[in-house]
Structure formats: C-alpha cells, structure tokens
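Q: For reference, this is work37.txt, and it has compact mmCIF, C-alpha atoms.
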# COMPACT_ATOMS: atom_id res chain seq x y z
CA MET A 28 -0.36 20.58 -16.13
CA ILE A 29 -0.40 20.12 -12.38
CA LYS A 30 2.20 17.79 -10.90
CA GLU A 31 2.22 16.49 -7.34
CA ASP A 32 5.46 16.16 -5.34
CA LYS A 33 6.80 12.58 -5.16
CA THR A 34 7.86 10.88 -1.94
CA VAL A 35 11.63 10.70 -1.74
CA LYS A 36 12.30 9.52 1.78
CA LYS A 37 9.91 6.76 2.75
CA VAL A 38 9.52 7.18 6.46
CA LEU A 39 10.16 10.91 6.89
CA LEU A 40 7.62 12.00 4.29
CA ILE A 41 5.11 9.41 5.41
CA ILE A 42 5.31 10.96 8.87
CA LEU A 43 4.68 14.43 7.41
CA ALA A 44 1.78 13.17 5.38
CA VAL A 45 0.17 11.33 8.24
CA VAL A 46 0.17 14.03 10.92
CA PHE A 47 -3.52 14.48 10.31
CA LEU A 48 -5.10 12.70 7.35
CA PHE A 49 -6.42 9.10 7.28
CA SER A 50 -8.09 5.36 4.13
CA ALA A 51 -11.58 3.80 3.85
CA TYR A 52 -11.67 1.83 6.84
CA SER A 53 -14.64 0.21 8.44
CA CYS A 54 -15.08 -1.41 11.79
CA LYS A 55 -17.61 -2.71 14.23
CA GLY A 56 -17.54 -1.40 17.77
CA THR A 57 -17.37 -3.89 20.58
CA GLY A 58 -17.18 -3.15 24.26
CA SER A 59 -17.98 0.42 25.26
CA GLU A 60 -19.41 2.65 22.55
CA THR A 61 -18.58 6.26 21.73
CA THR A 62 -21.34 8.73 22.46
CA ASP A 63 -22.92 11.45 20.35
CA THR A 64 -22.47 14.08 23.05
CA MET A 65 -19.37 16.01 23.99
CA PRO A 66 -17.86 16.02 27.49
CA ASP A 67 -18.87 18.88 29.77
CA THR A 68 -16.72 21.97 29.35
CA THR A 69 -16.90 25.58 30.51
CA LYS A 70 -14.82 26.90 27.64
CA SER A 71 -15.94 25.58 24.30
CA GLY A 72 -19.68 26.17 24.19
CA ASP A 73 -21.92 24.03 22.03
CA TYR A 74 -20.11 21.85 19.51
CA LYS A 75 -20.68 18.51 17.85
CA PRO A 76 -18.34 15.52 17.51
CA PHE A 77 -16.05 15.42 14.48
CA LYS A 78 -17.89 13.07 12.12
CA TYR A 79 -16.21 10.77 9.58
CA GLY A 80 -19.43 9.16 8.31
CA ILE A 81 -18.04 5.63 7.83
CA LYS A 82 -20.36 2.65 8.35
CA ALA A 83 -19.44 0.07 10.97
CA ALA A 84 -18.03 -3.31 9.93
CA ASP A 85 -15.51 -5.92 11.05
CA TYR A 86 -12.52 -5.01 8.89
CA ILE A 87 -10.13 -2.35 7.74
CA PHE A 88 -9.80 -2.52 3.95
CA GLU A 89 -6.57 -1.23 2.46
CA LEU A 90 -4.42 -1.55 -0.64
CA SER A 91 -1.09 -3.19 0.16
CA PRO A 92 2.23 -1.87 -1.24
CA ARG A 93 1.99 -4.69 -3.85
CA GLY A 94 -1.36 -3.36 -5.06
CA ILE A 95 -3.46 -6.12 -3.43
CA ILE A 96 -6.58 -5.34 -1.41
CA MET A 97 -6.19 -6.60 2.15
CA LYS A 98 -8.71 -6.94 4.94
CA TYR A 99 -7.69 -6.55 8.58
CA ASN A 100 -9.95 -7.96 11.26
CA VAL A 101 -10.47 -5.32 13.96
CA HIS A 102 -11.23 -7.95 16.60
CA ASN A 103 -8.13 -10.14 16.37
CA GLY A 104 -5.77 -8.31 13.99
CA GLU A 105 -5.71 -11.13 11.42
CA SER A 106 -4.97 -10.00 7.87
CA SER A 107 -5.84 -11.76 4.61
CA TYR A 108 -6.45 -11.07 0.94
CA LEU A 109 -9.86 -9.71 0.05
CA CYS A 110 -10.04 -12.21 -2.82
CA PRO A 111 -11.41 -15.45 -1.28
CA ASP A 112 -9.87 -17.82 -3.86
CA PRO A 113 -7.01 -19.70 -2.10
CA PHE A 114 -5.42 -20.60 -5.46
CA CYS A 115 -5.47 -17.06 -6.85
CA LYS A 116 -2.18 -15.18 -7.11
CA HIS A 117 -4.11 -11.88 -6.79
CA THR A 118 -1.70 -10.11 -9.15
CA THR A 119 -2.98 -11.39 -12.50
CA LYS A 120 -6.02 -10.43 -14.57
CA ASP A 121 -7.75 -13.62 -13.42
CA CYS A 122 -8.29 -11.97 -10.04
CA GLN A 123 -11.45 -9.88 -9.90
CA PHE A 124 -9.64 -7.26 -7.82
CA ASN A 125 -6.62 -6.95 -10.12
CA GLY A 126 -5.70 -3.41 -11.13
CA MET A 127 -7.21 -1.71 -8.10
CA THR A 128 -5.90 1.62 -6.84
CA SER A 129 -6.68 3.27 -3.52
CA TYR A 130 -9.31 5.43 -5.26
CA THR A 131 -11.13 2.70 -7.20
CA PHE A 132 -12.53 0.84 -4.20
CA THR A 133 -14.23 1.69 -0.93
CA SER A 134 -16.53 0.02 1.59
CA VAL A 135 -19.88 0.35 3.33
CA GLY A 136 -19.98 -2.00 6.30
CA ASN A 137 -18.70 -5.43 5.25
CA THR A 138 -19.42 -4.76 1.57
CA VAL A 139 -16.61 -3.56 -0.69
CA TYR A 140 -17.47 -1.52 -3.79
CA TYR A 141 -15.05 -1.19 -6.68
CA VAL A 142 -15.02 0.13 -10.25
CA LYS A 143 -13.41 -1.46 -13.30
CA GLN A 144 -13.17 -0.47 -16.96
CA ASP A 145 -14.06 -2.78 -19.87
CA ASP A 146 -11.73 -1.72 -22.69
CA THR A 147 -13.64 -3.73 -25.31
CA THR A 148 -17.05 -2.13 -24.68
CA GLY A 149 -15.96 1.29 -23.42
CA LYS A 150 -18.17 0.85 -20.38
CA SER A 151 -17.22 0.96 -16.75
CA ALA A 152 -18.99 -0.93 -13.99
CA LEU A 153 -19.44 -0.62 -10.25
CA PHE A 154 -19.30 -3.96 -8.45
CA SER A 155 -20.19 -4.95 -4.90
CA PHE A 156 -18.45 -7.74 -2.99
CA ASN A 157 -19.89 -9.04 0.28
CA VAL A 158 -17.04 -10.15 2.55
CA ASP A 159 -19.28 -12.46 4.61
CA THR A 160 -20.74 -14.38 1.65
CA SER A 161 -18.13 -13.72 -1.11
CA GLU A 162 -21.03 -12.75 -3.40
CA THR A 163 -20.15 -10.35 -6.23
CA LYS A 164 -22.77 -8.23 -8.02
CA THR A 165 -22.70 -5.67 -10.80
CA VAL A 166 -24.69 -2.77 -9.34
CA LEU A 167 -24.13 -0.03 -11.94
CA SER A 168 -22.81 0.13 -15.52
CA ARG A 169 -22.23 3.22 -17.66
CA ASP A 170 -20.59 4.33 -20.89
CA GLY A 171 -17.38 6.23 -20.22
CA MET A 172 -15.21 5.85 -17.13
CA MET A 173 -15.98 5.81 -13.44
CA THR A 174 -12.51 6.57 -12.14
CA SER A 175 -12.88 7.00 -8.37
CA VAL A 176 -15.32 6.03 -5.62
CA TYR A 177 -15.61 7.27 -2.03
CA ALA A 178 -18.04 6.10 0.67
CA TYR A 179 -19.90 8.37 3.07
CA GLU A 180 -22.43 6.60 5.28
CA ASN A 181 -24.56 4.49 2.88
CA ARG A 182 -23.77 6.45 -0.29
CA LEU A 183 -20.89 6.45 -2.75
CA LEU A 184 -19.53 9.58 -4.41
CA ILE A 185 -18.24 8.64 -7.86
CA LEU A 186 -16.35 10.57 -10.54
CA TRP A 187 -17.46 9.91 -14.14
CA LEU A 188 -15.42 10.94 -17.19
CA GLU A 189 -16.47 10.84 -20.81
CA LYS A 190 -12.87 10.00 -21.77
CA TYR A 191 -9.34 10.58 -20.54
CA ASP A 192 -9.02 14.19 -21.65
CA LEU A 193 -8.68 17.41 -19.65
CA GLU A 194 -11.50 18.96 -21.68
CA ALA A 195 -13.77 15.90 -21.62
CA GLN A 196 -17.15 16.04 -19.95
CA ARG A 197 -16.97 14.94 -16.32
CA PHE A 198 -19.14 15.06 -13.24
CA TYR A 199 -19.50 13.71 -9.72
CA PHE A 200 -22.60 11.83 -8.65
CA TRP A 201 -23.96 10.00 -5.62
CA TYR A 202 -24.94 6.34 -5.76
CA ASP A 203 -27.23 5.15 -2.95
CA THR A 204 -26.21 1.58 -1.99
CA GLY A 205 -29.64 0.92 -0.48
CA THR A 206 -31.94 2.18 -3.24
CA GLY A 207 -29.65 2.17 -6.29
CA GLU A 208 -30.63 5.78 -7.03
CA THR A 209 -28.12 8.26 -8.45
CA GLU A 210 -27.92 12.02 -8.03
CA GLN A 211 -25.54 14.36 -9.86
CA LEU A 212 -23.77 17.05 -7.85
CA GLY A 213 -24.53 20.64 -8.73
CA GLY A 214 -22.49 23.81 -8.36
CA THR A 215 -19.04 24.32 -9.83
CA VAL A 216 -17.43 21.02 -8.81
CA ASN A 217 -18.22 19.47 -12.22
CA ASN A 218 -16.12 22.10 -13.96
CA TYR A 219 -14.02 20.26 -16.55
CA SER A 220 -11.91 23.22 -17.60
CA PRO A 221 -8.18 22.38 -17.84
CA THR A 222 -7.51 25.53 -15.77
CA GLU A 223 -9.68 24.50 -12.81
CA ARG A 224 -10.25 20.89 -11.74
CA TYR A 225 -12.05 19.75 -8.60
CA MET A 226 -10.60 16.59 -7.05
CA LEU A 227 -12.34 14.90 -4.12
CA TYR A 228 -10.06 15.07 -1.07
CA PHE A 229 -12.27 13.67 1.71
CA ILE A 230 -15.66 14.11 3.39
CA ARG A 231 -16.12 15.19 7.01
CA ASP A 232 -19.07 16.56 8.98
CA ASP A 233 -21.39 16.59 5.93
CA ARG A 234 -18.91 18.74 3.98
CA ILE A 235 -17.05 17.56 0.87
CA ILE A 236 -13.49 18.90 0.81
CA TRP A 237 -12.12 19.51 -2.69
CA LYS A 238 -8.52 19.91 -3.81
CA VAL A 239 -8.81 22.40 -6.64
CA GLY A 240 -6.11 22.76 -9.28
CA LYS A 241 -5.74 26.19 -10.83
CA MET A 242 -2.92 26.14 -13.36
CA ASP A 243 0.21 25.64 -11.22
CA LYS A 244 -1.26 25.75 -7.70
CA TRP A 245 -3.60 23.78 -5.46
CA TYR A 246 -6.36 25.28 -3.33
CA PHE A 247 -8.82 23.70 -0.88
CA TYR A 248 -12.56 24.37 -0.89
CA SER A 249 -15.59 22.67 0.61
CA THR A 250 -19.22 22.26 -0.39
CA ASP A 251 -22.26 20.66 1.14
CA LEU A 252 -23.22 17.12 0.09
CA ARG A 253 -25.11 18.47 -2.94
CA GLY A 254 -22.06 20.26 -4.31
CA GLU A 255 -23.46 23.68 -3.33
CA ASP A 256 -22.41 26.31 -0.75
CA LEU A 257 -18.83 26.58 -2.01
CA LYS A 258 -16.37 28.17 0.44
CA GLU A 259 -12.66 28.14 1.23
CA HIS A 260 -11.84 25.23 3.51
CA ASP A 261 -9.98 25.67 6.78
CA PHE A 262 -8.36 22.50 8.11
CA GLY A 263 -8.10 23.93 11.63
CA TYR A 264 -11.83 23.89 12.41
CA ARG A 265 -12.86 20.95 14.62
CA TYR A 266 -15.63 20.33 17.18
CA GLY A 267 -16.95 23.87 16.67
CA ASN A 268 -13.57 25.41 17.63
CA TYR A 269 -10.28 26.15 15.87
CA TYR A 270 -7.26 23.85 16.41
CA THR A 271 -3.70 24.54 15.26
CA THR A 272 -0.39 22.71 15.51
CA GLU A 273 2.31 25.38 15.74
CA LYS A 274 6.11 25.24 15.57
CA GLU A 275 8.01 26.61 18.56
CA THR A 276 11.63 26.67 19.74
CA GLY A 277 12.52 24.80 22.90
CA ASP A 278 15.15 25.57 25.52
CA ASP A 279 17.66 23.45 23.60
CA GLY A 280 17.09 25.52 20.44
CA LYS A 281 15.32 22.71 18.63
CA ASP A 282 11.93 23.17 17.03
CA ILE A 283 8.99 21.54 18.78
CA TYR A 284 5.31 21.47 17.90
CA SER A 285 2.48 22.41 20.22
CA LEU A 286 -1.27 21.94 19.92
CA TYR A 287 -3.51 24.96 20.55
CA VAL A 288 -7.26 25.51 20.56
CA THR A 289 -9.01 28.84 19.99
CA TYR A 290 -12.53 28.71 21.44
CA ASP A 291 -15.58 30.32 19.89
CA ASN A 292 -15.27 33.20 22.39
CA GLY A 293 -11.78 34.03 21.04
CA GLU A 294 -9.78 32.61 23.95
CA LYS A 295 -6.67 30.68 22.87
CA LYS A 296 -5.35 27.83 25.00
CA LEU A 297 -2.26 25.60 24.86
CA LEU A 298 -3.44 21.99 25.00
CA LYS A 299 -0.15 20.11 24.67
CA LYS A 300 3.54 20.65 23.95
CA ASN A 301 5.84 18.23 22.11
CA VAL A 302 3.12 16.68 19.97
CA GLY A 303 3.82 14.33 17.09
CA PRO A 304 1.03 13.01 14.85
CA VAL A 305 -2.46 14.14 15.88
CA LEU A 306 -5.80 12.50 15.09
CA PHE A 307 -9.07 14.41 15.61
CA TYR A 308 -11.84 11.85 15.82
CA GLU A 309 -15.39 11.91 17.13
CA ASN A 310 -15.17 13.18 20.74
CA LYS A 311 -11.44 12.54 21.31
CA ILE A 312 -8.01 13.80 20.28
CA VAL A 313 -5.37 11.08 19.89
CA TYR A 314 -1.70 12.06 19.67
CA GLY A 315 1.86 10.88 19.96
CA GLU A 316 4.07 12.88 22.32
CA VAL A 317 7.64 13.54 21.16
CA ILE A 318 10.17 12.35 23.73
CA PRO A 319 13.77 13.64 24.23
CA TYR A 320 16.25 12.29 21.70
CA GLU A 321 18.32 10.45 24.29
CA ASP A 322 15.23 8.51 25.37
CA GLN A 323 14.21 7.52 21.85
CA ARG A 324 14.63 3.90 20.83
CA VAL A 325 17.07 3.01 18.04
CA VAL A 326 14.84 1.16 15.59
CA HIS A 327 17.30 0.57 12.76
CA VAL A 328 20.47 1.82 11.08
CA ASP A 329 20.16 2.93 7.46
CA SER A 330 22.55 2.16 4.60
CA ASP A 331 24.67 5.21 5.49
CA GLY A 332 25.08 4.00 9.05
CA VAL A 333 22.74 6.62 10.49
CA GLU A 334 20.57 5.60 13.44
CA GLU A 335 16.83 6.01 12.85
CA ARG A 336 14.93 6.45 16.10
CA ASP A 337 11.27 6.35 17.10
CA ASP A 338 10.34 9.97 17.95
CA TRP A 339 7.27 8.90 19.94
CA GLY A 340 8.73 5.92 21.77
CA GLY A 341 5.63 3.82 21.24
CA ASN A 342 3.40 5.95 23.49
CA VAL A 343 -0.10 6.94 22.31
CA TYR A 344 -2.15 9.42 24.31
CA VAL A 345 -5.78 10.57 24.25
CA MET A 346 -7.67 13.57 25.64
CA ASN A 347 -10.96 15.43 25.31
CA PRO A 348 -11.17 18.30 22.80
CA ASP A 349 -10.94 20.83 25.65
CA GLY A 350 -7.72 19.25 27.02
CA THR A 351 -9.29 17.43 29.96
CA ASP A 352 -8.78 13.75 30.79
CA ASP A 353 -5.36 13.71 29.12
CA HIS A 354 -3.79 10.27 29.65
CA LEU A 355 -1.68 7.48 28.15
CA LEU A 356 -3.95 5.27 26.05
CA PHE A 357 -1.45 2.47 25.37
CA HIS A 358 2.22 1.67 24.70
CA THR A 359 3.55 -0.43 21.84
CA GLU A 360 6.99 -1.69 20.86
CA GLU A 361 6.11 -1.13 17.19
CA TYR A 362 7.79 1.64 15.18
CA ILE A 363 4.99 4.21 14.82
CA ILE A 364 4.93 5.93 11.43
CA GLY A 365 1.66 7.79 11.79
CA MET A 366 -2.04 7.65 12.63
CA THR A 367 -3.40 7.20 9.16
CA SER A 368 -3.57 5.61 5.76
CA ASP A 369 -4.54 7.50 2.61
CA MET A 370 -7.34 10.02 2.21
CA ALA A 371 -9.74 7.60 0.55
CA HIS A 372 -9.45 5.03 3.35
CA PRO A 373 -9.31 6.63 6.80
CA HIS A 374 -8.61 4.05 9.52
CA VAL A 375 -11.36 5.19 11.84
CA CYS A 376 -14.86 4.02 12.76
CA GLY A 377 -16.92 3.43 15.87
CA ASP A 378 -14.59 2.89 18.83
CA TYR A 379 -11.59 2.02 16.65
CA PHE A 380 -8.79 3.89 14.92
CA GLY A 381 -5.70 2.69 13.07
CA ILE A 382 -2.02 3.51 13.45
CA LEU A 383 0.46 2.79 10.67
CA THR A 384 3.63 1.01 11.82
CA GLY A 385 6.72 -0.36 10.12
CA ARG A 386 9.63 -2.77 10.45
CA PHE A 387 12.97 -2.22 8.80
CA LYS A 388 15.99 -3.99 7.36
CA GLY A 389 18.66 -1.37 6.91
CA ASP A 390 16.95 1.65 5.33
CA GLU A 391 14.24 -0.49 3.70
CA MET A 392 10.85 -0.87 5.34
CA THR A 393 10.12 -4.59 5.10
CA GLU A 394 6.68 -4.61 6.75
CA ASP A 395 3.77 -2.19 6.63
CA ASN A 396 1.36 -3.02 9.44
CA ILE A 397 -1.58 -1.48 11.25
CA ILE A 398 -2.29 -1.25 14.96
CA ILE A 399 -6.06 -1.28 15.57
CA ALA A 400 -6.87 0.39 18.90
CA ASN A 401 -10.00 1.07 20.89
CA ILE A 402 -10.19 4.80 21.55
CA ASN A 403 -11.95 4.31 24.90
CA THR A 404 -10.29 1.28 26.48
CA GLY A 405 -6.79 1.38 24.94
CA GLU A 406 -7.03 -2.29 23.93
CA PHE A 407 -5.19 -2.90 20.66
CA VAL A 408 -4.08 -5.58 18.22
CA VAL A 409 -1.20 -5.57 15.72
CA THR A 410 -1.99 -6.86 12.26
CA HIS A 411 1.23 -8.70 11.39
CA GLY A 412 0.34 -10.90 8.44
Could I get this file's structure written as structure tokens?
A:
Amino acid sequence: MIKEDKTVKKVLLIILAVVFLFSAYSCKGTGSETTDTMPDTTKSGDYKPFKYGIKAADYIFELSPRGIIMKYNVHNGESSYLCPDPFCKHTTKDCQFNGMTSYTFTSVGNTVYYVKQDDTTGKSALFSFNVDTSETKTVLSRDGMMTSVYAYENRLLILWLEKYDLEAQRFYFWYDTGTGETEQLGGTVNNYSPTERYMLYFIRDDRIIWKVGKMDKWYFYSTDLRGEDLKEHDFGYRYGNYYTTEKETGDDGKDIYSLYVTYDNGEKKLLKKNVGPVLFYENKIVYGEVIPYEDQRVVHVDSDGVEERDDWGGNVYVMNPDGTDDHLLFHTEEYIIGMTSDMAHPHVCGDYFGILTGRFKGDEMTEDNIIIANINTGEFVVTHG
C-alpha cells in the first residue's frame, strides 16, 4: 500500500510544496491581455507559452481549511461562500456542497462542477452550479463512483471506480461541458492493478501528467489528452527549453538556490540567484527573491520563542523566460507562503495569478489568504475575508 508523507510543520512544508505547483482557479482578464507570442530572443529559438488551459472567469474557487468552497473575486478581492444561501451553515448535509474535497470539484469559467455519491442508490452524479445565476443542474449520473474531476479548457477529466477496491474496475474519461459527450481514455492509464495505479497530477500544454504508484515508490509519466504516447515526465521542461532550480553554497556558507535555463542549442545560462518560490506561467516567470536574514521581517514568534521571518520580504519579481525585462512586480506587507494552491486548483488564468499568504498568532496560522495579482501591471488585491 502506498502512503504519502504527512505535513508536520505547517509553513515550512507548505513553502516546499508550493515552490512550483498550483488549484483550479479561474479568472477574467481585465486591462492589458497576455499574448500568444513569446518575446524576441536570440538564445531560445522557437518555443510556445506554457499553457495551463483554464477558462477565464471572475473568481478563484478554492476549498477552505474548514472544508468549505470559497470564491474569491479577482477584481476586488472579496471572498464569500460558494453556497448562495445566507442561512446555510455550509458544514451540514443540508448544504449542497457539503463533503467536498479539493479533487471533487473544479470550474470552467463561472460554472463550478462537482461530484457527489448517493449511498442509497449506489450512483454518483456530476452537478453544475452557475455562480452568476445560482442554478444547479445534474449533468451526468452513473452507477459506481466518480471520485475526482479536473478541468482543462471546456472539458472535465473524471475518474470512475466500480467500487472502493484496489482491484476494482476503474477508468478515466473526458466529459465535454458543451456537448455532454464522454470519451474514455485509452492506453495504460486505466490500469487497475494494485501494483501500478495512475493518479492524475495535473494537465499542462496538452499533456496529462500522471503520478504512478508502483508498490512502494512514486513515478511521474505523461500522456497526450487521449491517454496515449506514454513517456517519463520531466518537470524541468518549459517554453521549449529546460529550467532547473539548483542548490548552491554562498560566500557565507549557507545554501542558496539559483534558477538556470538550458537552451535547445545546449547552452546553459544563470537567470537568477537567491530565488525562492518560482511560478512558470504563460510568457512570464514570477519569483520571490530571498533577501539576507538580517533584512528579513520578523512576522511572528512561535510557541518555543523562535522568530519566524519572511524569507522574501514581500517582494515579487517577474521576467521573460530568457531572463530579460527582470523587474520588481509589486511589494506586499503580507507574509508570503508560496505562489500556489493545490494541484487540482492552480491559481492562474489570463493576466492573473495567485499567491498564498498567511497571518499568525504564535505558531498557529490564523488566516489563509490569497493575493490576486496582474502579471503584466503588478496591480493586486488581498482577499481578506
């Protein structure tokens, strides 16, 4: 049986987890729009923008630490429950969104899709909820269990299980939100052997990345959108080139991380030293730059009396994939945890990306907020509820 490591230290392990990966977030671009072409460069040759494939909308949708689906307005930062009933407690079975996990709901534009199981009939259903009209529809019902759903453009990739059993029949299929048509994936990803299980990790650039369990180890593979063309997945490949974050030792003997790019002609170039969390998105690289310890802000003191400081000092930078136009995008007084949410709900779309922040009382994080920033203008809002 495969077991995943559990988070022991809240903030430290969140930071490790969020260096690169991102939740299903949707947004609607306002102001200047990102382009489909890369900036001119003499080094990198022909490459395409890094594509997330998330439809534009007006909100980030995320599961709160209390297990309640929240919506965050990208235009003004306002947060509210997805459930529109003002008298609902949102934590009881009376709420239509009760029992949600981060993998049982997703969004296409301003429509949220979620799956629920009916224990009395043995069927599971896929529902749609329109945020603008509060209209709920049952769009698909099947025997067995639909246990996870992930949006890519206007389609949903859904995992179906015959029953909760390692040897039960299972397969992944696409559901088209426009036509209602379904299409089962081919290849080996529907393998339901207890010695090899394919778990959807995320989808980027028309490739599905799978986390594959083989007895006591995890491996990463990718396929095309049909489940074919299986190959080992390399997380370093972006924009047609190869990017790595490498550990180095500074003059003071402390480890630092630097961002490198290896171009398609084999040339390797240092893009930036002292990098913290890095986000590769569309035609930009967003990063936090680690500042000297003595310049870091004391954010809180934990229960052992140890000062916890903000490694990035509230500064967020942006540059082109070839290292040009490197500049400060914005500064915030928030405590930056990382540029992400979970894998099912990446906080990116159109001109906007999300940064996870926190507030503390002693060693306990009392608030979990999101900064929504425009990748071109640097304008941002903080979603304190």
Q: Between A:Lys120, A:His260, A:Lys241, A:Arg169, single out the one closest to Phe229 (chain A), counting all atoms listed in the file.
A: A:His260
Q: With 10 Å as the threshold, what does the neighbourhood of (-26.6, 3.0, -1.6) contain in terms of residues, counting only C-alpha atoms? Coordinates are those of the file; answer as an MDAnalysis selection string.
A: chainID A and resid 135 166 178:183 201:209
Q: Within 9 Å of region 262-265 of chain A, counting only C-alpha atoms, which residues show up once you throw out same-chain ones fewer than 5 positions away? Write them as an MDAnalysis selection string, please.
A: chainID A and resid 74:77 270:272 307 348
Q: Taking into account only C-alpha atoms, which residue in the set A:Gly389, A:Gly171, A:Gly341, A:Gly303 is nearest to Glu316 (chain A)?
A: A:Gly303
Q: Expressed in Å to a single decimal, how great is the separation between CA of Glu406 (chain A) and CA of Tyr308 (chain A)?
A: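 Distance between the two atoms: 17.0 Å.
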Q: Region 80-96 of chain A: which residues within 8 Å, counting all atoms listed in the file, same-chain residues fewer than 3 positions away excluded, as a PyMOL selection string?
A: chain A and resi 50-56+99-102+108-110+117-118+124-129+133-137+178-181+230-232+372+374-377
Q: Write a file of the just-selected residues containing C-alpha atoms, as a PDB file, keeping the file's coordinate frame.
A:
ATOM      1  CA  SER A  50      -8.090   5.360   4.130  1.00  0.00           C
ATOM      2  CA  ALA A  51     -11.580   3.800   3.850  1.00  0.00           C
ATOM      3  CA  TYR A  52     -11.670   1.830   6.840  1.00  0.00           C
ATOM      4  CA  SER A  53     -14.640   0.210   8.440  1.00  0.00           C
ATOM      5  CA  CYS A  54     -15.080  -1.410  11.790  1.00  0.00           C
ATOM      6  CA  LYS A  55     -17.610  -2.710  14.230  1.00  0.00           C
ATOM      7  CA  GLY A  56     -17.540  -1.400  17.770  1.00  0.00           C
ATOM      8  CA  TYR A  99      -7.690  -6.550   8.580  1.00  0.00           C
ATOM      9  CA  ASN A 100      -9.950  -7.960  11.260  1.00  0.00           C
ATOM     10  CA  VAL A 101     -10.470  -5.320  13.960  1.00  0.00           C
ATOM     11  CA  HIS A 102     -11.230  -7.950  16.600  1.00  0.00           C
ATOM     12  CA  TYR A 108      -6.450 -11.070   0.940  1.00  0.00           C
ATOM     13  CA  LEU A 109      -9.860  -9.710   0.050  1.00  0.00           C
ATOM     14  CA  CYS A 110     -10.040 -12.210  -2.820  1.00  0.00           C
ATOM     15  CA  HIS A 117      -4.110 -11.880  -6.790  1.00  0.00           C
ATOM     16  CA  THR A 118      -1.700 -10.110  -9.150  1.00  0.00           C
ATOM     17  CA  PHE A 124      -9.640  -7.260  -7.820  1.00  0.00           C
ATOM     18  CA  ASN A 125      -6.620  -6.950 -10.120  1.00  0.00           C
ATOM     19  CA  GLY A 126      -5.700  -3.410 -11.130  1.00  0.00           C
ATOM     20  CA  MET A 127      -7.210  -1.710  -8.100  1.00  0.00           C
ATOM     21  CA  THR A 128      -5.900   1.620  -6.840  1.00  0.00           C
ATOM     22  CA  SER A 129      -6.680   3.270  -3.520  1.00  0.00           C
ATOM     23  CA  THR A 133     -14.230   1.690  -0.930  1.00  0.00           C
ATOM     24  CA  SER A 134     -16.530   0.020   1.590  1.00  0.00           C
ATOM     25  CA  VAL A 135     -19.880   0.350   3.330  1.00  0.00           C
ATOM     26  CA  GLY A 136     -19.980  -2.000   6.300  1.00  0.00           C
ATOM     27  CA  ASN A 137     -18.700  -5.430   5.250  1.00  0.00           C
ATOM     28  CA  ALA A 178     -18.040   6.100   0.670  1.00  0.00           C
ATOM     29  CA  TYR A 179     -19.900   8.370   3.070  1.00  0.00           C
ATOM     30  CA  GLU A 180     -22.430   6.600   5.280  1.00  0.00           C
ATOM     31  CA  ASN A 181     -24.560   4.490   2.880  1.00  0.00           C
ATOM     32  CA  ILE A 230     -15.660  14.110   3.390  1.00  0.00           C
ATOM     33  CA  ARG A 231     -16.120  15.190   7.010  1.00  0.00           C
ATOM     34  CA  ASP A 232     -19.070  16.560   8.980  1.00  0.00           C
ATOM     35  CA  HIS A 372      -9.450   5.030   3.350  1.00  0.00           C
ATOM     36  CA  HIS A 374      -8.610   4.050   9.520  1.00  0.00           C
ATOM     37  CA  VAL A 375     -11.360   5.190  11.840  1.00  0.00           C
ATOM     38  CA  CYS A 376     -14.860   4.020  12.760  1.00  0.00           C
ATOM     39  CA  GLY A 377     -16.920   3.430  15.870  1.00  0.00           C
TER      40      GLY A 377
END
Q: What is the distance, in Å and to one decimal place, between CA of Tyr225 (chain A) and CA of Phe132 (chain A)?
A: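 Separating CA of Tyr225 (chain A) from CA of Phe132 (chain A) is a distance of 19.4 Å.
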Q: Leaving out Thr276 (chain A) and any residue of its chain fewer than 5 positions from it, which residues lie within 12 Å of it when counting only C-alpha atoms, given as a list in words?
A: Lys281, Asp282, Ile283, Tyr284, Ser285, Lys300 and Asn301 of chain A
Q: Of the candidates A:Met226, A:Asp349, A:Leu356, A:Val326, which shows the shortest atom-to-atom distance to Arg386 (chain A), using only C-alpha atoms?
A: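 The closest residue to Arg386 (chain A) is A:Val326.
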Q: List as a ChimeraX atom specification the residues having at least one atom at most 8 Å from position (-22.7, -2.8, -10.6) as given in the file, counting all atoms listed in the file.
A: /A:152-155,164-168
Q: Find the residues around Tyr379 (chain A) up to 6 Å (only C-alpha atoms counted), leave out those fewer than 4 positions away in its own chain, and share them as a PDB file with C-alpha atoms, in the frame of the given file.
A:
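So the final result, stored in around.pdb, reads:
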ATOM      1  CA  VAL A 375     -11.360   5.190  11.840  1.00  0.00           C
ATOM      2  CA  ALA A 400      -6.870   0.390  18.900  1.00  0.00           C
ATOM      3  CA  ASN A 401     -10.000   1.070  20.890  1.00  0.00           C
ATOM      4  CA  ILE A 402     -10.190   4.800  21.550  1.00  0.00           C
TER       5      ILE A 402
END
Q: Using all atoms listed in the file, pick whichever of A:Ile398, A:Val345, A:Leu298, A:Val325 has the shortest atom-to-atom distance to Gly104 (chain A).
A: A:Ile398
Q: How many Å separate CA of Trp187 (chain A) from CA of Arg224 (chain A)?
A: 13.4 Å
Q: Please identify all polymer residues within 10 Å of Lys296 (chain A), counting all atoms listed in the file, omitting same-chain residues fewer than 3 positions from it, and present them as a list of chain:residue names.
A: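 The residues satisfying every condition are A:Lys70, A:Tyr270, A:Leu286, A:Tyr287, A:Val288, A:Thr289, A:Tyr290, A:Gly293, A:Lys299, A:Asp349, A:Gly350.
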Q: Return region 187-197 of chain A, completed with N, CA and C atoms, as a JSON list (two decimals), keeping the file's coordinate frame.
A:
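Output saved as result-v7.json:
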[["chain", "number", "residue", "atom", "x", "y", "z"],
["A", 187, "TRP", "N", -17.26, 10.47, -12.79],
["A", 187, "TRP", "CA", -17.46, 9.91, -14.14],
["A", 187, "TRP", "C", -16.79, 10.81, -15.16],
["A", 188, "LEU", "N", -16.06, 10.20, -16.10],
["A", 188, "LEU", "CA", -15.42, 10.94, -17.19],
["A", 188, "LEU", "C", -15.88, 10.37, -18.53],
["A", 189, "GLU", "N", -16.11, 11.26, -19.46],
["A", 189, "GLU", "CA", -16.47, 10.84, -20.81],
["A", 189, "GLU", "C", -15.31, 10.10, -21.47],
["A", 190, "LYS", "N", -14.10, 10.60, -21.25],
["A", 190, "LYS", "CA", -12.87, 10.00, -21.77],
["A", 190, "LYS", "C", -11.70, 10.61, -21.02],
["A", 191, "TYR", "N", -10.52, 10.03, -21.19],
["A", 191, "TYR", "CA", -9.34, 10.58, -20.54],
["A", 191, "TYR", "C", -8.84, 11.79, -21.31],
["A", 192, "ASP", "N", -9.36, 12.95, -20.96],
["A", 192, "ASP", "CA", -9.02, 14.19, -21.65],
["A", 192, "ASP", "C", -9.35, 15.33, -20.70],
["A", 193, "LEU", "N", -8.45, 16.31, -20.57],
["A", 193, "LEU", "CA", -8.68, 17.41, -19.65],
["A", 193, "LEU", "C", -9.95, 18.18, -19.99],
["A", 194, "GLU", "N", -10.33, 18.21, -21.27],
["A", 194, "GLU", "CA", -11.50, 18.96, -21.68],
["A", 194, "GLU", "C", -12.73, 18.07, -21.85],
["A", 195, "ALA", "N", -12.64, 16.81, -21.48],
["A", 195, "ALA", "CA", -13.77, 15.90, -21.62],
["A", 195, "ALA", "C", -14.84, 16.22, -20.58],
["A", 196, "GLN", "N", -16.07, 15.86, -20.91],
["A", 196, "GLN", "CA", -17.15, 16.04, -19.95],
["A", 196, "GLN", "C", -16.89, 15.16, -18.73],
["A", 197, "ARG", "N", -17.19, 15.67, -17.55],
["A", 197, "ARG", "CA", -16.97, 14.94, -16.32],
["A", 197, "ARG", "C", -17.93, 15.46, -15.27]]
